[in-house]
$ cat start.txt   # compact mmCIF, N, CA and C atoms
# COMPACT_ATOMS: atom_id res chain seq x y z
N MET A 1 -9.10 21.66 -28.38
CA MET A 1 -8.10 21.42 -27.35
C MET A 1 -8.11 22.59 -26.37
N ALA A 2 -7.91 22.27 -25.13
CA ALA A 2 -7.93 23.28 -24.07
C ALA A 2 -6.74 24.21 -24.18
N LYS A 3 -6.97 25.44 -23.78
CA LYS A 3 -5.90 26.43 -23.79
C LYS A 3 -5.02 26.24 -22.57
N MET A 4 -3.74 26.17 -22.80
CA MET A 4 -2.78 25.97 -21.73
C MET A 4 -1.94 27.23 -21.55
N ARG A 5 -1.38 27.33 -20.37
CA ARG A 5 -0.50 28.45 -20.02
C ARG A 5 0.71 27.83 -19.33
N TYR A 6 1.83 28.50 -19.40
CA TYR A 6 3.08 27.95 -18.88
C TYR A 6 3.66 28.86 -17.82
N GLY A 7 4.18 28.23 -16.78
CA GLY A 7 4.84 28.96 -15.72
C GLY A 7 6.31 28.59 -15.71
N MET A 8 7.16 29.58 -15.53
CA MET A 8 8.60 29.35 -15.40
C MET A 8 8.95 29.52 -13.93
N LEU A 9 9.54 28.47 -13.38
CA LEU A 9 9.94 28.48 -11.97
C LEU A 9 11.45 28.44 -11.89
N LYS A 10 11.99 29.19 -10.93
CA LYS A 10 13.44 29.29 -10.79
C LYS A 10 13.84 29.02 -9.35
N LEU A 11 14.83 28.15 -9.21
CA LEU A 11 15.43 27.86 -7.91
C LEU A 11 16.93 27.91 -8.11
N GLY A 12 17.56 28.95 -7.58
CA GLY A 12 18.99 29.15 -7.84
C GLY A 12 19.20 29.39 -9.33
N GLU A 13 20.01 28.57 -9.95
CA GLU A 13 20.25 28.68 -11.39
C GLU A 13 19.39 27.71 -12.18
N SER A 14 18.59 26.91 -11.50
CA SER A 14 17.77 25.88 -12.13
C SER A 14 16.42 26.45 -12.57
N LEU A 15 15.99 26.08 -13.76
CA LEU A 15 14.69 26.49 -14.28
C LEU A 15 13.79 25.27 -14.45
N GLU A 16 12.51 25.49 -14.23
CA GLU A 16 11.52 24.43 -14.40
C GLU A 16 10.31 25.06 -15.09
N PHE A 17 9.67 24.30 -15.95
CA PHE A 17 8.51 24.80 -16.69
C PHE A 17 7.31 23.92 -16.39
N VAL A 18 6.20 24.55 -16.05
CA VAL A 18 4.98 23.83 -15.70
C VAL A 18 3.86 24.26 -16.63
N GLU A 19 3.15 23.28 -17.18
CA GLU A 19 2.02 23.53 -18.06
C GLU A 19 0.73 23.39 -17.25
N MET A 20 -0.08 24.44 -17.29
CA MET A 20 -1.34 24.45 -16.54
C MET A 20 -2.47 24.87 -17.47
N PRO A 21 -3.69 24.42 -17.17
CA PRO A 21 -4.83 25.00 -17.88
C PRO A 21 -4.83 26.50 -17.64
N SER A 22 -5.09 27.27 -18.66
CA SER A 22 -5.02 28.72 -18.52
C SER A 22 -5.96 29.23 -17.44
N THR A 23 -7.04 28.49 -17.20
CA THR A 23 -8.01 28.90 -16.18
C THR A 23 -7.50 28.69 -14.76
N HIS A 24 -6.37 27.98 -14.60
CA HIS A 24 -5.87 27.65 -13.28
C HIS A 24 -4.47 28.20 -12.99
N MET A 25 -3.84 28.83 -13.96
CA MET A 25 -2.48 29.31 -13.75
C MET A 25 -2.42 30.36 -12.65
N TYR A 26 -3.41 31.22 -12.57
CA TYR A 26 -3.39 32.24 -11.52
C TYR A 26 -3.38 31.59 -10.14
N GLN A 27 -4.00 30.42 -10.01
CA GLN A 27 -4.02 29.73 -8.72
C GLN A 27 -2.63 29.18 -8.37
N LEU A 28 -1.92 28.70 -9.38
CA LEU A 28 -0.56 28.23 -9.13
C LEU A 28 0.32 29.40 -8.71
N THR A 29 0.17 30.53 -9.36
CA THR A 29 0.95 31.72 -9.01
C THR A 29 0.64 32.16 -7.58
N ALA A 30 -0.63 32.22 -7.24
CA ALA A 30 -1.03 32.63 -5.89
C ALA A 30 -0.54 31.62 -4.85
N LEU A 31 -0.63 30.34 -5.15
CA LEU A 31 -0.17 29.30 -4.23
C LEU A 31 1.34 29.41 -4.01
N ASN A 32 2.08 29.62 -5.09
CA ASN A 32 3.54 29.75 -4.98
C ASN A 32 3.91 30.93 -4.08
N ARG A 33 3.23 32.05 -4.26
CA ARG A 33 3.50 33.23 -3.43
C ARG A 33 3.15 32.96 -1.97
N ARG A 34 2.03 32.32 -1.74
CA ARG A 34 1.59 32.02 -0.37
C ARG A 34 2.58 31.06 0.31
N LEU A 35 3.00 30.03 -0.40
CA LEU A 35 3.94 29.08 0.20
C LEU A 35 5.26 29.77 0.55
N HIS A 36 5.74 30.64 -0.33
CA HIS A 36 6.98 31.37 -0.03
C HIS A 36 6.82 32.27 1.19
N LYS A 37 5.66 32.88 1.31
CA LYS A 37 5.39 33.76 2.44
C LYS A 37 5.42 32.98 3.75
N GLU A 38 4.99 31.73 3.72
CA GLU A 38 4.87 30.93 4.93
C GLU A 38 6.08 30.04 5.22
N LEU A 39 6.94 29.81 4.25
CA LEU A 39 8.08 28.90 4.44
C LEU A 39 8.96 29.28 5.63
N ASP A 40 9.19 30.56 5.81
CA ASP A 40 10.05 31.02 6.91
C ASP A 40 9.44 30.74 8.28
N LYS A 41 8.15 30.53 8.34
CA LYS A 41 7.47 30.28 9.60
C LYS A 41 7.57 28.81 10.03
N LEU A 42 7.96 27.95 9.09
CA LEU A 42 8.07 26.53 9.40
C LEU A 42 9.36 26.27 10.17
N THR A 43 9.28 25.45 11.19
CA THR A 43 10.44 25.19 12.03
C THR A 43 11.02 23.79 11.84
N ALA A 44 10.39 22.97 11.05
CA ALA A 44 10.86 21.60 10.82
C ALA A 44 12.22 21.62 10.12
N GLY A 45 12.96 20.56 10.30
CA GLY A 45 14.27 20.46 9.67
C GLY A 45 14.22 20.05 8.22
N ASN A 46 13.08 19.53 7.77
CA ASN A 46 12.99 19.03 6.40
C ASN A 46 12.10 19.91 5.52
N VAL A 47 12.16 21.22 5.72
CA VAL A 47 11.40 22.15 4.88
C VAL A 47 12.08 22.21 3.51
N PRO A 48 11.33 21.96 2.45
CA PRO A 48 11.93 21.92 1.12
C PRO A 48 12.26 23.32 0.61
N GLN A 49 13.21 23.37 -0.31
CA GLN A 49 13.44 24.60 -1.04
C GLN A 49 12.38 24.66 -2.13
N LEU A 50 11.82 25.80 -2.32
CA LEU A 50 10.72 25.96 -3.27
C LEU A 50 11.11 26.96 -4.33
N PRO A 51 10.96 26.60 -5.61
CA PRO A 51 11.29 27.57 -6.65
C PRO A 51 10.29 28.72 -6.67
N TYR A 52 10.73 29.85 -7.18
CA TYR A 52 9.85 31.00 -7.37
C TYR A 52 9.25 30.94 -8.76
N LEU A 53 7.95 31.18 -8.86
CA LEU A 53 7.32 31.30 -10.16
C LEU A 53 7.64 32.70 -10.66
N ILE A 54 8.46 32.80 -11.69
CA ILE A 54 8.97 34.10 -12.12
C ILE A 54 8.35 34.62 -13.41
N ALA A 55 7.63 33.75 -14.14
CA ALA A 55 7.03 34.21 -15.39
C ALA A 55 5.90 33.28 -15.80
N GLU A 56 4.95 33.85 -16.52
CA GLU A 56 3.87 33.10 -17.14
C GLU A 56 3.83 33.48 -18.61
N CYS A 57 3.45 32.52 -19.44
CA CYS A 57 3.30 32.83 -20.86
C CYS A 57 2.25 31.89 -21.47
N ASP A 58 1.71 32.32 -22.61
CA ASP A 58 0.69 31.52 -23.29
C ASP A 58 1.30 30.45 -24.19
N ASP A 59 2.41 30.74 -24.79
CA ASP A 59 3.06 29.79 -25.69
C ASP A 59 4.48 29.54 -25.22
N LEU A 60 4.91 28.31 -25.36
CA LEU A 60 6.27 27.97 -24.96
C LEU A 60 6.81 26.90 -25.88
N GLU A 61 7.95 27.17 -26.45
CA GLU A 61 8.65 26.19 -27.26
C GLU A 61 10.07 26.10 -26.73
N LEU A 62 10.38 24.96 -26.13
CA LEU A 62 11.72 24.77 -25.58
C LEU A 62 12.65 24.31 -26.69
N VAL A 63 13.79 24.95 -26.79
CA VAL A 63 14.76 24.58 -27.83
C VAL A 63 16.02 23.96 -27.24
N ASP A 64 16.12 23.95 -25.93
CA ASP A 64 17.26 23.34 -25.24
C ASP A 64 16.78 22.03 -24.63
N GLU A 65 17.40 20.93 -25.02
CA GLU A 65 16.95 19.62 -24.59
C GLU A 65 17.15 19.35 -23.10
N GLN A 66 17.89 20.18 -22.40
CA GLN A 66 18.08 19.95 -20.97
C GLN A 66 16.83 20.30 -20.17
N TYR A 67 15.89 21.01 -20.80
CA TYR A 67 14.66 21.40 -20.12
C TYR A 67 13.49 20.59 -20.66
N SER A 68 12.50 20.42 -19.78
CA SER A 68 11.26 19.76 -20.20
C SER A 68 10.10 20.49 -19.54
N ILE A 69 8.92 20.15 -19.97
CA ILE A 69 7.71 20.76 -19.41
C ILE A 69 7.03 19.73 -18.53
N THR A 70 6.75 20.12 -17.29
CA THR A 70 6.06 19.27 -16.34
C THR A 70 4.57 19.59 -16.39
N GLY A 71 3.74 18.58 -16.42
CA GLY A 71 2.30 18.79 -16.38
C GLY A 71 1.88 19.38 -15.05
N GLY A 72 0.86 20.20 -15.06
CA GLY A 72 0.40 20.88 -13.85
C GLY A 72 0.01 19.94 -12.73
N LEU A 73 -0.72 18.87 -13.07
CA LEU A 73 -1.14 17.93 -12.04
C LEU A 73 0.07 17.18 -11.48
N ASP A 74 1.01 16.82 -12.32
CA ASP A 74 2.23 16.16 -11.85
C ASP A 74 3.00 17.07 -10.89
N TYR A 75 3.09 18.34 -11.24
CA TYR A 75 3.79 19.29 -10.38
C TYR A 75 3.09 19.43 -9.02
N ILE A 76 1.77 19.56 -9.04
CA ILE A 76 1.01 19.73 -7.80
C ILE A 76 1.07 18.45 -6.96
N ASN A 77 1.02 17.29 -7.61
CA ASN A 77 1.14 16.03 -6.86
C ASN A 77 2.49 15.94 -6.15
N LEU A 78 3.55 16.34 -6.83
CA LEU A 78 4.88 16.34 -6.22
C LEU A 78 4.96 17.35 -5.08
N LEU A 79 4.38 18.52 -5.29
CA LEU A 79 4.35 19.56 -4.26
C LEU A 79 3.61 19.06 -3.02
N GLU A 80 2.48 18.40 -3.24
CA GLU A 80 1.68 17.88 -2.12
C GLU A 80 2.46 16.81 -1.36
N SER A 81 3.09 15.89 -2.06
CA SER A 81 3.83 14.84 -1.35
C SER A 81 5.04 15.41 -0.61
N THR A 82 5.66 16.43 -1.18
CA THR A 82 6.80 17.08 -0.52
C THR A 82 6.37 17.76 0.77
N PHE A 83 5.27 18.51 0.72
CA PHE A 83 4.81 19.21 1.91
C PHE A 83 4.17 18.25 2.92
N ALA A 84 3.61 17.15 2.47
CA ALA A 84 3.03 16.17 3.39
C ALA A 84 4.10 15.49 4.24
N ARG A 85 5.34 15.45 3.74
CA ARG A 85 6.44 14.82 4.48
C ARG A 85 7.07 15.74 5.53
N ILE A 86 6.71 17.00 5.53
CA ILE A 86 7.28 17.93 6.50
C ILE A 86 6.75 17.58 7.89
N GLU A 87 7.64 17.43 8.83
CA GLU A 87 7.26 17.10 10.20
C GLU A 87 7.27 18.39 11.03
N GLU A 88 6.18 19.11 10.93
CA GLU A 88 6.05 20.41 11.58
C GLU A 88 5.20 20.31 12.83
N SER A 89 5.65 20.94 13.90
CA SER A 89 4.86 20.92 15.13
C SER A 89 4.46 22.32 15.59
N SER A 90 5.20 23.35 15.18
CA SER A 90 4.94 24.70 15.68
C SER A 90 4.02 25.53 14.81
N TYR A 91 3.83 25.14 13.59
CA TYR A 91 3.03 25.95 12.67
C TYR A 91 1.95 25.07 12.06
N PRO A 92 0.75 25.57 11.91
CA PRO A 92 -0.32 24.74 11.33
C PRO A 92 -0.12 24.49 9.83
N LEU A 93 0.70 23.53 9.55
CA LEU A 93 1.01 23.16 8.16
C LEU A 93 -0.24 22.73 7.41
N ILE A 94 -1.24 22.29 8.13
CA ILE A 94 -2.45 21.78 7.49
C ILE A 94 -3.10 22.82 6.59
N SER A 95 -3.00 24.09 6.92
CA SER A 95 -3.60 25.13 6.07
C SER A 95 -2.89 25.20 4.71
N LEU A 96 -1.57 25.04 4.70
CA LEU A 96 -0.85 25.04 3.43
C LEU A 96 -1.19 23.80 2.62
N LEU A 97 -1.24 22.66 3.29
CA LEU A 97 -1.60 21.41 2.60
C LEU A 97 -3.02 21.48 2.05
N THR A 98 -3.91 22.13 2.78
CA THR A 98 -5.29 22.28 2.31
C THR A 98 -5.34 23.07 1.01
N GLU A 99 -4.55 24.14 0.93
CA GLU A 99 -4.51 24.94 -0.30
C GLU A 99 -3.94 24.15 -1.46
N ILE A 100 -2.88 23.40 -1.20
CA ILE A 100 -2.27 22.58 -2.24
C ILE A 100 -3.28 21.53 -2.71
N ARG A 101 -3.93 20.87 -1.77
CA ARG A 101 -4.88 19.79 -2.12
C ARG A 101 -6.13 20.32 -2.81
N ALA A 102 -6.52 21.54 -2.51
CA ALA A 102 -7.66 22.14 -3.20
C ALA A 102 -7.34 22.33 -4.68
N LEU A 103 -6.17 22.85 -4.98
CA LEU A 103 -5.77 23.01 -6.38
C LEU A 103 -5.59 21.64 -7.03
N GLN A 104 -5.06 20.70 -6.29
CA GLN A 104 -4.88 19.34 -6.79
C GLN A 104 -6.23 18.75 -7.22
N ALA A 105 -7.24 18.89 -6.38
CA ALA A 105 -8.57 18.36 -6.69
C ALA A 105 -9.18 19.06 -7.90
N GLN A 106 -9.00 20.36 -8.00
CA GLN A 106 -9.52 21.09 -9.15
C GLN A 106 -8.87 20.63 -10.44
N LEU A 107 -7.55 20.42 -10.39
CA LEU A 107 -6.84 19.96 -11.59
C LEU A 107 -7.26 18.55 -11.97
N GLU A 108 -7.42 17.68 -10.98
CA GLU A 108 -7.88 16.31 -11.28
C GLU A 108 -9.22 16.35 -11.99
N GLN A 109 -10.13 17.18 -11.51
CA GLN A 109 -11.44 17.31 -12.13
C GLN A 109 -11.31 17.91 -13.54
N TRP A 110 -10.46 18.91 -13.70
CA TRP A 110 -10.28 19.55 -14.99
C TRP A 110 -9.76 18.54 -16.01
N TYR A 111 -8.73 17.77 -15.64
CA TYR A 111 -8.17 16.79 -16.57
C TYR A 111 -9.17 15.68 -16.90
N GLU A 112 -9.98 15.28 -15.92
CA GLU A 112 -11.02 14.28 -16.16
C GLU A 112 -12.02 14.79 -17.20
N GLU A 113 -12.49 16.01 -16.98
CA GLU A 113 -13.46 16.59 -17.91
C GLU A 113 -12.85 16.81 -19.28
N ASP A 114 -11.57 17.18 -19.34
CA ASP A 114 -10.91 17.40 -20.62
C ASP A 114 -10.78 16.10 -21.40
N GLU A 115 -10.52 14.99 -20.70
CA GLU A 115 -10.42 13.68 -21.37
C GLU A 115 -11.75 13.24 -21.94
N GLU A 116 -12.85 13.61 -21.28
CA GLU A 116 -14.19 13.21 -21.72
C GLU A 116 -14.61 13.94 -22.99
N GLN A 117 -14.01 15.07 -23.26
CA GLN A 117 -14.42 15.85 -24.43
C GLN A 117 -13.82 15.34 -25.70

$ encode --input "start.txt" --output "structure tokens"
Amino acid sequence: MAKMRYGMLKLGESLEFVEMPSTHMYQLTALNRRLHKELDKLTAGNVPQLPYLIAECDDLELVDEQYSITGGLDYINLLESTFARIEESSYPLISLLTEIRALQAQLEQWYEEDEEQ
């Protein structure tokens, strides 16, 4: 079985946990930082609030039923659809979407190959 890594994301008081292949977690961390750096430059009215990735770990066991673990591809798919809906005219949003979609494609390939094994 493939080695997984977990990211803890925080938005206000809300926590979210994302499971990623360990080989791709650094990309999620870098993407999260890049998106936060660029969010202030967006002028559209429908810019989403984005949680901060605040921790990574190799093992995670949730003991509180109010939390669940989101699969990495599910998280990236949601992120892509959220950013695709932004109606931005002043900032080249396409560069951010390109980065999201690049990770999305890598994860799709990773999960495909993992299923074949």

$ closest_residue --input "start.txt" --among "A:Glu38, A:Glu80, A:Asp64, A:Asp114" --to "Ala2 in chain A" --atoms "only N, CA and C atoms"
A:Asp114

$ atom_distance --input "start.txt" --atom1 "atom N of Lys41 in chain A" --atom2 "atom N of Asp74 in chain A"
25.8 Å

$ residues_around --input "start.txt" --residues "range 18-33 of chain A" --least-positions-apart "2" --cutoff "6 Å" --atoms "only C-alpha atoms" --output "MDAnalysis selection string"
chainID A and resid 3:7 35:36 69:72

$ select_by_dssp --input "start.txt" --residues "range 34-111 of chain A" --states "alpha helix (DSSP H)" --output "ChimeraX atom specification"
/A:34-39,72-84,93-111

$ residues_around --input "start.txt" --residues "Tyr52 in chain A" --least-positions-apart "2" --cutoff "6 Å" --atoms "only C-alpha atoms" --output "PyMOL selection string"
chain A and resi 9-10+54

$ residues_around --input "start.txt" --residues "Glu87 in chain A" --least-positions-apart "2" --cutoff "10 Å" --atoms "only C-alpha atoms" --output "PyMOL selection string"
chain A and resi 42-47+83-85+89-90+93

$ write_last_selection --input "start.txt" --atoms "N, CA and C atoms" --output "tab-separated table (two decimals), keeping the file's coordinate frame"
chain	number	residue	atom	x	y	z
A	42	LEU	N	7.96	27.95	9.09
A	42	LEU	CA	8.07	26.53	9.40
A	42	LEU	C	9.36	26.27	10.17
A	43	THR	N	9.28	25.45	11.19
A	43	THR	CA	10.44	25.19	12.03
A	43	THR	C	11.02	23.79	11.84
A	44	ALA	N	10.39	22.97	11.05
A	44	ALA	CA	10.86	21.60	10.82
A	44	ALA	C	12.22	21.62	10.12
A	45	GLY	N	12.96	20.56	10.30
A	45	GLY	CA	14.27	20.46	9.67
A	45	GLY	C	14.22	20.05	8.22
A	46	ASN	N	13.08	19.53	7.77
A	46	ASN	CA	12.99	19.03	6.40
A	46	ASN	C	12.10	19.91	5.52
A	47	VAL	N	12.16	21.22	5.72
A	47	VAL	CA	11.40	22.15	4.88
A	47	VAL	C	12.08	22.21	3.51
A	83	PHE	N	5.27	18.51	0.72
A	83	PHE	CA	4.81	19.21	1.91
A	83	PHE	C	4.17	18.25	2.92
A	84	ALA	N	3.61	17.15	2.47
A	84	ALA	CA	3.03	16.17	3.39
A	84	ALA	C	4.10	15.49	4.24
A	85	ARG	N	5.34	15.45	3.74
A	85	ARG	CA	6.44	14.82	4.48
A	85	ARG	C	7.07	15.74	5.53
A	89	SER	N	5.65	20.94	13.90
A	89	SER	CA	4.86	20.92	15.13
A	89	SER	C	4.46	22.32	15.59
A	90	SER	N	5.20	23.35	15.18
A	90	SER	CA	4.94	24.70	15.68
A	90	SER	C	4.02	25.53	14.81
A	93	LEU	N	0.70	23.53	9.55
A	93	LEU	CA	1.01	23.16	8.16
A	93	LEU	C	-0.24	22.73	7.41

$ build_atoms --input "start.txt" --residues "range 60-85 of chain A" --atoms "N, CA, C and O atoms" --output "PDB file, keeping the file's coordinate frame"
ATOM      1  N   LEU A  60       4.910  28.310 -25.360  1.00  0.00           N
ATOM      2  CA  LEU A  60       6.270  27.970 -24.960  1.00  0.00           C
ATOM      3  C   LEU A  60       6.810  26.900 -25.880  1.00  0.00           C
ATOM      4  O   LEU A  60       6.180  25.861 -26.085  1.00  0.00           O
ATOM      5  N   GLU A  61       7.950  27.170 -26.450  1.00  0.00           N
ATOM      6  CA  GLU A  61       8.650  26.190 -27.260  1.00  0.00           C
ATOM      7  C   GLU A  61      10.070  26.100 -26.730  1.00  0.00           C
ATOM      8  O   GLU A  61      10.843  27.048 -26.817  1.00  0.00           O
ATOM      9  N   LEU A  62      10.380  24.960 -26.130  1.00  0.00           N
ATOM     10  CA  LEU A  62      11.720  24.770 -25.580  1.00  0.00           C
ATOM     11  C   LEU A  62      12.650  24.310 -26.690  1.00  0.00           C
ATOM     12  O   LEU A  62      12.329  23.390 -27.435  1.00  0.00           O
ATOM     13  N   VAL A  63      13.790  24.950 -26.790  1.00  0.00           N
ATOM     14  CA  VAL A  63      14.760  24.580 -27.830  1.00  0.00           C
ATOM     15  C   VAL A  63      16.020  23.960 -27.240  1.00  0.00           C
ATOM     16  O   VAL A  63      16.874  23.479 -27.968  1.00  0.00           O
ATOM     17  N   ASP A  64      16.120  23.950 -25.930  1.00  0.00           N
ATOM     18  CA  ASP A  64      17.260  23.340 -25.240  1.00  0.00           C
ATOM     19  C   ASP A  64      16.780  22.030 -24.630  1.00  0.00           C
ATOM     20  O   ASP A  64      15.866  22.019 -23.805  1.00  0.00           O
ATOM     21  N   GLU A  65      17.400  20.930 -25.020  1.00  0.00           N
ATOM     22  CA  GLU A  65      16.950  19.620 -24.590  1.00  0.00           C
ATOM     23  C   GLU A  65      17.150  19.350 -23.100  1.00  0.00           C
ATOM     24  O   GLU A  65      16.595  18.383 -22.567  1.00  0.00           O
ATOM     25  N   GLN A  66      17.890  20.180 -22.400  1.00  0.00           N
ATOM     26  CA  GLN A  66      18.080  19.950 -20.970  1.00  0.00           C
ATOM     27  C   GLN A  66      16.830  20.300 -20.170  1.00  0.00           C
ATOM     28  O   GLN A  66      16.704  19.920 -19.016  1.00  0.00           O
ATOM     29  N   TYR A  67      15.890  21.010 -20.800  1.00  0.00           N
ATOM     30  CA  TYR A  67      14.660  21.400 -20.120  1.00  0.00           C
ATOM     31  C   TYR A  67      13.490  20.590 -20.660  1.00  0.00           C
ATOM     32  O   TYR A  67      13.485  20.150 -21.797  1.00  0.00           O
ATOM     33  N   SER A  68      12.500  20.420 -19.780  1.00  0.00           N
ATOM     34  CA  SER A  68      11.260  19.760 -20.200  1.00  0.00           C
ATOM     35  C   SER A  68      10.100  20.490 -19.540  1.00  0.00           C
ATOM     36  O   SER A  68      10.284  21.319 -18.656  1.00  0.00           O
ATOM     37  N   ILE A  69       8.920  20.150 -19.970  1.00  0.00           N
ATOM     38  CA  ILE A  69       7.710  20.760 -19.410  1.00  0.00           C
ATOM     39  C   ILE A  69       7.030  19.730 -18.530  1.00  0.00           C
ATOM     40  O   ILE A  69       6.764  18.606 -18.939  1.00  0.00           O
ATOM     41  N   THR A  70       6.750  20.120 -17.290  1.00  0.00           N
ATOM     42  CA  THR A  70       6.060  19.270 -16.340  1.00  0.00           C
ATOM     43  C   THR A  70       4.570  19.590 -16.390  1.00  0.00           C
ATOM     44  O   THR A  70       4.193  20.763 -16.395  1.00  0.00           O
ATOM     45  N   GLY A  71       3.740  18.580 -16.420  1.00  0.00           N
ATOM     46  CA  GLY A  71       2.300  18.790 -16.380  1.00  0.00           C
ATOM     47  C   GLY A  71       1.880  19.380 -15.050  1.00  0.00           C
ATOM     48  O   GLY A  71       2.482  19.087 -14.003  1.00  0.00           O
ATOM     49  N   GLY A  72       0.860  20.200 -15.060  1.00  0.00           N
ATOM     50  CA  GLY A  72       0.400  20.880 -13.850  1.00  0.00           C
ATOM     51  C   GLY A  72       0.010  19.940 -12.730  1.00  0.00           C
ATOM     52  O   GLY A  72       0.384  20.136 -11.572  1.00  0.00           O
ATOM     53  N   LEU A  73      -0.720  18.870 -13.070  1.00  0.00           N
ATOM     54  CA  LEU A  73      -1.140  17.930 -12.040  1.00  0.00           C
ATOM     55  C   LEU A  73       0.070  17.180 -11.480  1.00  0.00           C
ATOM     56  O   LEU A  73       0.155  16.955 -10.273  1.00  0.00           O
ATOM     57  N   ASP A  74       1.010  16.820 -12.320  1.00  0.00           N
ATOM     58  CA  ASP A  74       2.230  16.160 -11.850  1.00  0.00           C
ATOM     59  C   ASP A  74       3.000  17.070 -10.890  1.00  0.00           C
ATOM     60  O   ASP A  74       3.490  16.618  -9.851  1.00  0.00           O
ATOM     61  N   TYR A  75       3.090  18.340 -11.240  1.00  0.00           N
ATOM     62  CA  TYR A  75       3.790  19.290 -10.380  1.00  0.00           C
ATOM     63  C   TYR A  75       3.090  19.430  -9.020  1.00  0.00           C
ATOM     64  O   TYR A  75       3.724  19.390  -7.968  1.00  0.00           O
ATOM     65  N   ILE A  76       1.770  19.560  -9.040  1.00  0.00           N
ATOM     66  CA  ILE A  76       1.010  19.730  -7.800  1.00  0.00           C
ATOM     67  C   ILE A  76       1.070  18.450  -6.960  1.00  0.00           C
ATOM     68  O   ILE A  76       1.170  18.510  -5.730  1.00  0.00           O
ATOM     69  N   ASN A  77       1.020  17.290  -7.610  1.00  0.00           N
ATOM     70  CA  ASN A  77       1.140  16.030  -6.860  1.00  0.00           C
ATOM     71  C   ASN A  77       2.490  15.940  -6.150  1.00  0.00           C
ATOM     72  O   ASN A  77       2.572  15.522  -4.990  1.00  0.00           O
ATOM     73  N   LEU A  78       3.550  16.340  -6.830  1.00  0.00           N
ATOM     74  CA  LEU A  78       4.880  16.340  -6.220  1.00  0.00           C
ATOM     75  C   LEU A  78       4.960  17.350  -5.080  1.00  0.00           C
ATOM     76  O   LEU A  78       5.504  17.058  -4.020  1.00  0.00           O
ATOM     77  N   LEU A  79       4.380  18.520  -5.290  1.00  0.00           N
ATOM     78  CA  LEU A  79       4.350  19.560  -4.260  1.00  0.00           C
ATOM     79  C   LEU A  79       3.610  19.060  -3.020  1.00  0.00           C
ATOM     80  O   LEU A  79       4.060  19.218  -1.882  1.00  0.00           O
ATOM     81  N   GLU A  80       2.480  18.400  -3.240  1.00  0.00           N
ATOM     82  CA  GLU A  80       1.680  17.880  -2.120  1.00  0.00           C
ATOM     83  C   GLU A  80       2.460  16.810  -1.360  1.00  0.00           C
ATOM     84  O   GLU A  80       2.500  16.838  -0.121  1.00  0.00           O
ATOM     85  N   SER A  81       3.090  15.890  -2.060  1.00  0.00           N
ATOM     86  CA  SER A  81       3.830  14.840  -1.350  1.00  0.00           C
ATOM     87  C   SER A  81       5.040  15.410  -0.610  1.00  0.00           C
ATOM     88  O   SER A  81       5.385  14.949   0.478  1.00  0.00           O
ATOM     89  N   THR A  82       5.660  16.430  -1.180  1.00  0.00           N
ATOM     90  CA  THR A  82       6.800  17.080  -0.520  1.00  0.00           C
ATOM     91  C   THR A  82       6.370  17.760   0.770  1.00  0.00           C
ATOM     92  O   THR A  82       7.007  17.603   1.812  1.00  0.00           O
ATOM     93  N   PHE A  83       5.270  18.510   0.720  1.00  0.00           N
ATOM     94  CA  PHE A  83       4.810  19.210   1.910  1.00  0.00           C
ATOM     95  C   PHE A  83       4.170  18.250   2.920  1.00  0.00           C
ATOM     96  O   PHE A  83       4.217  18.503   4.128  1.00  0.00           O
ATOM     97  N   ALA A  84       3.610  17.150   2.470  1.00  0.00           N
ATOM     98  CA  ALA A  84       3.030  16.170   3.390  1.00  0.00           C
ATOM     99  C   ALA A  84       4.100  15.490   4.240  1.00  0.00           C
ATOM    100  O   ALA A  84       3.819  15.013   5.336  1.00  0.00           O
ATOM    101  N   ARG A  85       5.340  15.450   3.740  1.00  0.00           N
ATOM    102  CA  ARG A  85       6.440  14.820   4.480  1.00  0.00           C
ATOM    103  C   ARG A  85       7.070  15.740   5.530  1.00  0.00           C
ATOM    104  O   ARG A  85       7.891  15.286   6.326  1.00  0.00           O
TER     105      ARG A  85
END
